[in-house]
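Remarks on the structure that follows.
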Amino acid sequence: MEPAYQQLTIDKNKESFLCFPVNSPKFGFHWHYHPEYEITYVVNGKGTRLVGDSSQEFENHDLIFLGSNLPHTWITHDDFATYGKDMQVLVLQFGGEIIDKRVKEMVEFNNIEQLLKASSRGLNFPIETRISAGKLLTQISEATGLRRYNLLLETLDLLGSSKFDSLSSEFYAPNFSKTNETRIGKVFEHIHEHYNRSLSIHELADVASMNEAAFCRFFKKTTGKSAINYINELRIGKACNLLNDPNLAITDIAFQTGFNNITHFNRTFLKSKGTSPSQYKKVYSNV
């Protein structure tokens with residue numbers, strides 16, 4: 001699957017922005033971007049979220065605000081797909097033109113203005129904000145007319161008034177050439193399909209149809225991190241999910257997530273999470 005520019009279709013005779021539920025047994029890798037801003041709220045689901053050069057795990061009540069043209073995708077964990085439940089997500093997408101004039105001219109929109117500026121890196125919010133915003137999105141999806149638009153403004157004001165964390169790094173600068181889109185999309189997809197076995201730079205360079213040195217420069221420039229660091233972050237995220245299972249041994253988890261020895265796994269986990277896998281497992285098994 002190639003990453004792609006996504007052309008959103010909004011019937012301006014019926015609505016000025018989109019808000020809709022998405023229900024699916026599984027979200028696969030779909031690396032894409034669009035000029036519209038987007039709020040994505042996970043009602044029910046579990047997996048890995050990629051935003052720019054950020055790779056994080058998500059679960060119920062995950063809510064992310066995406067800026068214009070910021071590449072992203074959500075990928076369902078295989079174990080969630082076995083539960084027999086659908087991924088349930090609410091998505092809101094709007095073009096900046098529907099509020100730009102007010103943002104620039106009215107002081108009451110200062111919070112929203114700062115939110116839109118910060119969203120170029122993708123934003124994550126505290127759990128209380130996420131739940132409140134999720135309730136507003138549900139109302140928007142059911143509302144019509146002016147109430148629908150006012151609820152949008154209320155949601156943006158809520159998010160703009162909240163604390164938030166940026167997702168992608170300040171060094172991330174997406175390159176939208178078709179060749180680079182195709183290359184990085186193929187590499188991401190390959191990594192996410194095969195993270196649980198040994199992956200070499202040579203193999204990834206072949207996927208991108210580049211030599212190894214050129215590939216390393218390309219990946220670092222595109223994502224803001226090395227391919228090895230990206231793979232390790234993905235593996236640690238998968239390991240955290242498995243460590244919540246009291247029936248799985250830490251050694252088994254290490255090998256299931258692509259680490260070829262337990263020492264490397266323990267060292268990488270400690271560096272990433274600031275604690276050992278055994279301590280992490282002990283804490284979460286008592287939650």
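Quick note on naming: the chains in the structure tokens go A, B, ... in the order shown, residues restart at 1 in each chain, and ligands are numbered from 1 in order of appearance.
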
Counting only C-alpha atoms, what is within 9 Å of Glu170 (chain A), bar same-chain residues fewer than 4 positions away, as a list in words?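 Listed by chain and then number, they are Arg121, Ser166 and Gly224 of chain A.
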
Determine, counting only C-alpha atoms, which protein, DNA and RNA residues have an atom within 7 Å of an atom of Leu92 (chain A); residues of the same chain fewer than 6 positions away are not included. Present the result as a PDB file with C-alpha atoms, in the first residue's frame.
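Generated file (out.pdb):
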```
ATOM      1  CA  LEU A  18     -16.974  16.483   8.382  1.00  0.00           C
ATOM      2  CA  CYS A  19     -17.669  14.554  11.592  1.00  0.00           C
ATOM      3  CA  PHE A  20     -18.334  10.844  11.297  1.00  0.00           C
ATOM      4  CA  GLU A  38      -8.287  16.514  11.996  1.00  0.00           C
ATOM      5  CA  ILE A  39      -9.405  15.363  15.442  1.00  0.00           C
ATOM      6  CA  THR A  40      -9.415  11.594  15.934  1.00  0.00           C
TER       7      THR A  40
END
```

Hey, what's within 10 Å of Glu233 (chain A) if we count only C-alpha atoms and toss same-chain stuff fewer than 2 positions away? As a PyMOL selection string, please? chain A and resi 54-56+227-231+235-239+268-269+272

A:Ser278, A:Thr257, A:Asn60, A:Thr223 ranked by distance to Glu181 (chain A), top pick (using only C-alpha atoms):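 The shortest atom-to-atom distance to Glu181 (chain A) comes from A:Thr223.
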
At a cut-off of 10 Å, using only C-alpha atoms, what residues contact Asp252 (chain A)? Leave out same-chain residues fewer than 5 positions from it and give the result as a PDB file with N, CA and C atoms, in the first residue's frame.
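Now in result_20.pdb:
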```pdb
ATOM      1  N   LEU A 242       2.315  -6.378  25.580  1.00  0.00           N
ATOM      2  CA  LEU A 242       2.376  -7.786  25.977  1.00  0.00           C
ATOM      3  C   LEU A 242       2.693  -7.961  27.456  1.00  0.00           C
ATOM      4  N   THR A 257       8.889  -9.802  20.156  1.00  0.00           N
ATOM      5  CA  THR A 257       8.931  -8.434  19.639  1.00  0.00           C
ATOM      6  C   THR A 257      10.225  -8.136  18.878  1.00  0.00           C
ATOM      7  N   PHE A 259      13.556  -8.900  19.556  1.00  0.00           N
ATOM      8  CA  PHE A 259      14.867  -8.788  20.197  1.00  0.00           C
ATOM      9  C   PHE A 259      15.531 -10.167  20.206  1.00  0.00           C
ATOM     10  N   ILE A 262      17.877 -11.412  25.565  1.00  0.00           N
ATOM     11  CA  ILE A 262      17.186 -10.762  26.678  1.00  0.00           C
ATOM     12  C   ILE A 262      17.974  -9.574  27.215  1.00  0.00           C
TER      13      ILE A 262
END
```
